[in-house]
Amino acid sequence: MSFIKITEQSSFYDNLEQKPVLEILTEINREDRKVALAVQKTIPEIEKLVTGIVARMQRGGRLFYIGAGTSGRLGVLDASEIPPTFGMPDTYVIGLIAGGDVALRKPVEAAEDNLEKAWEELTACDINQNDVLVGIAASGTTPYVIGALRRARKEGILTAAICCNPGSPVAAEAEIKIEPIVGPEYVTGSTRMKAGTAQKMVLNMITTSTMIKLGRVKGNRMVNMQLTNQKLVDRGTRMIIDELGLSYEQAKNLLLLHGSVKNAINSYHS
């Protein structure tokens, strides 16, 4: 089967510059509604991946994301939110972007075209068979991602790809293929739109479900979140009030003493 880049096909809409703002927004929203349905079809593959991640993290493994451009930024974003949300050290979910951290803000010319660079960066992180590597590439053709997935799979590391074109070269290198096919973008080829939204949704699903299965959530609450600001201290305090029936002051003091909702509640019961 020949590889067709659906993400590069012409938009269903034209003469965009002639449309009133309300029509533009309505049409973008109409396209965005397709994203959740596309992601829904990939749930069986996401389940396989999460099951593999949980098993490896339970024995000390890590999750690596690699990507370029929007895809790379989304991976780094998801990784950066794990410590404050779930209280996990920042060594458990690691995002790498072609061109390094400077590429988070500015494009780095030709960084994604290097077939060897991502594996060099992963090697520097001592990636091994306890870890999981997820390549993110809307187009499915990024050399930076292809090279790393190919080498990681040869090394016996669990690999997955998140792509928005079916049967892509990136997905061909991965054991688990997650392909939310969202169709052409509203602005032709602008994969920061539906494709990026689909990737963000999948990443949310991967790490949230993983953290739940690792015991970082109780009931429906982020009981291990880092207390990095007053909003989160207040949220944690109210969780303790709901769980233990203490006054606000008692609950806040207990939280600050023990550093997390989970530790505070466990200490109260011990």
# chains A, B, ... in the order shown; residues from 1 in each chain; ligands from 1
>>> residues_around(residues="A:Asp14", least_positions_apart="6", cutoff="12 Å", atoms="only C-alpha atoms", output="short mmCIF file (atom, residue, chain, number, x, y, z; two decimals) with C-alpha atoms, in the first residue's frame")
data_model
loop_
_atom_site.label_atom_id
_atom_site.label_comp_id
_atom_site.auth_asym_id
_atom_site.auth_seq_id
_atom_site.Cartn_x
_atom_site.Cartn_y
_atom_site.Cartn_z
CA GLU A 23 -17.79 31.48 10.13
CA ILE A 24 -14.08 30.68 10.53
CA GLU A 27 -15.85 25.74 10.75
CA GLU A 185 -6.56 20.37 8.40
CA TYR A 186 -8.69 23.52 8.22
CA VAL A 187 -5.61 25.39 7.03
CA THR A 188 -4.05 22.89 4.63
#
>>> select_by_dssp(residues="stretch 75-196 of chain A", states="alpha helix (DSSP H)", output="PyMOL selection string")
chain A and resi 75-80+82-86+117-124+143-154+169-172+194-196
>>> atom_distance(atom1="atom CA of A:Ala68", atom2="atom CA of A:Tyr144")
7.5 Å
>>> closest_residue(among="A:Arg30, A:Lys262, A:Lys154, A:Arg73", to="A:Gly236", atoms="only C-alpha atoms")
A:Lys262
>>> closest_atom_pairs(of="stretch 124-175 of chain A", to="stretch 194-211 of chain A", cutoff="12 Å", atoms="only C-alpha atoms", output="Markdown table")
| residue | atom | partner | partner_atom | distance |
| --- | --- | --- | --- | --- |
| A:Val132 | CA | A:Ile206 | CA | 12.0 |
| A:Val134 | CA | A:Leu203 | CA | 9.9 |
| A:Gly135 | CA | A:Gln199 | CA | 10.9 |
| A:Ile136 | CA | A:Gln199 | CA | 7.7 |
| A:Ala137 | CA | A:Gln199 | CA | 8.8 |
| A:Ala138 | CA | A:Ala195 | CA | 6.1 |
| A:Ser139 | CA | A:Ala195 | CA | 8.9 |
| A:Gly140 | CA | A:Ala195 | CA | 11.2 |
| A:Ala160 | CA | A:Ile206 | CA | 11.4 |
| A:Ala161 | CA | A:Gln199 | CA | 10.5 |
| A:Ile162 | CA | A:Gln199 | CA | 6.9 |
| A:Cys163 | CA | A:Gln199 | CA | 7.9 |
| A:Cys164 | CA | A:Ala195 | CA | 6.1 |
| A:Asn165 | CA | A:Ala195 | CA | 9.4 |
>>> closest_residue(among="A:Val108, A:Leu227, A:Ala118, A:Leu214", to="A:Tyr92", atoms="only C-alpha atoms")
A:Leu214
>>> atom_distance(atom1="atom CA of A:Asn220", atom2="atom CA of A:Tyr65")
25.9 Å
>>> closest_residue(among="A:Cys125, A:Thr228, A:Arg192, A:Asp32", to="A:Phe64", atoms="only C-alpha atoms")
A:Cys125
>>> residues_around(residues="A:Gly95", least_positions_apart="3", cutoff="9 Å", atoms="only C-alpha atoms", output="MDAnalysis selection string")
chainID A and resid 63:67 72:80
>>> write_last_selection(atoms="C-alpha atoms", output="mmCIF file, in the first residue's frame")
data_model
loop_
_atom_site.group_PDB
_atom_site.id
_atom_site.type_symbol
_atom_site.label_atom_id
_atom_site.label_comp_id
_atom_site.auth_asym_id
_atom_site.auth_seq_id
_atom_site.Cartn_x
_atom_site.Cartn_y
_atom_site.Cartn_z
ATOM 1 C CA LEU A 63 8.653 6.521 29.506
ATOM 2 C CA PHE A 64 10.413 8.530 26.793
ATOM 3 C CA TYR A 65 8.668 10.760 24.258
ATOM 4 C CA ILE A 66 10.475 11.937 21.128
ATOM 5 C CA GLY A 67 9.240 14.254 18.402
ATOM 6 C CA GLY A 72 7.945 17.275 20.161
ATOM 7 C CA ARG A 73 6.551 20.191 22.134
ATOM 8 C CA LEU A 74 3.472 18.190 23.078
ATOM 9 C CA GLY A 75 5.631 15.335 24.349
ATOM 10 C CA VAL A 76 7.768 17.675 26.451
ATOM 11 C CA LEU A 77 4.610 19.366 27.761
ATOM 12 C CA ASP A 78 3.031 16.092 28.832
ATOM 13 C CA ALA A 79 6.236 14.948 30.517
ATOM 14 C CA SER A 80 6.650 18.255 32.355
#
>>> select_by_dssp(residues="stretch 129-167 of chain A", states="strand (DSSP E)", output="PDB file with C-alpha atoms, in the first residue's frame")
ATOM      1  CA  VAL A 132       9.335   2.536  26.780  1.00  0.00           C
ATOM      2  CA  LEU A 133       9.870   4.799  23.768  1.00  0.00           C
ATOM      3  CA  VAL A 134       6.972   6.650  22.135  1.00  0.00           C
ATOM      4  CA  GLY A 135       7.605   8.502  18.885  1.00  0.00           C
ATOM      5  CA  ILE A 136       5.215  11.346  18.079  1.00  0.00           C
ATOM      6  CA  LEU A 158       8.946  -1.462  23.813  1.00  0.00           C
ATOM      7  CA  THR A 159       8.135   1.111  21.115  1.00  0.00           C
ATOM      8  CA  ALA A 160       4.995   2.952  20.058  1.00  0.00           C
ATOM      9  CA  ALA A 161       4.187   5.599  17.469  1.00  0.00           C
ATOM     10  CA  ILE A 162       1.518   8.296  17.508  1.00  0.00           C
TER      11      ILE A 162
END
>>> atom_distance(atom1="atom CA of A:Leu149", atom2="atom CA of A:Trp119")
8.2 Å
>>> closest_residue(among="A:Phe86, A:Gln250, A:Leu16, A:Asp242", to="A:Met222", atoms="only C-alpha atoms")
A:Phe86
>>> residues_around(residues="A:Ser267", least_positions_apart="6", cutoff="12 Å", atoms="only C-alpha atoms", output="PyMOL selection string")
chain A and resi 240+244+254-255+257-261
>>> closest_residue(among="A:Val21, A:Leu37, A:Ile53, A:Met88", to="A:Ile157", atoms="only C-alpha atoms")
A:Ile53
>>> closest_residue(among="A:Glu243, A:Glu17, A:Asp126, A:Glu249", to="A:Gly61", atoms="only C-alpha atoms")
A:Asp126
>>> residues_around(residues="A:Pro44", least_positions_apart="3", cutoff="12 Å", atoms="only C-alpha atoms", output="MDAnalysis selection string")
chainID A and resid 39:41 47:51 176:180 202 206
>>> residues_around(residues="A:Ile241", least_positions_apart="6", cutoff="7 Å", atoms="only C-alpha atoms", output="MDAnalysis selection string")
chainID A and resid 247:248 251
>>> write_last_selection(atoms="C-alpha atoms", output="CSV table (one decimal), in the first residue's frame")
chain,number,residue,atom,x,y,z
A,247,SER,CA,-11.2,22.0,60.2
A,248,TYR,CA,-9.6,24.0,57.4
A,251,ALA,CA,-6.2,20.0,57.4
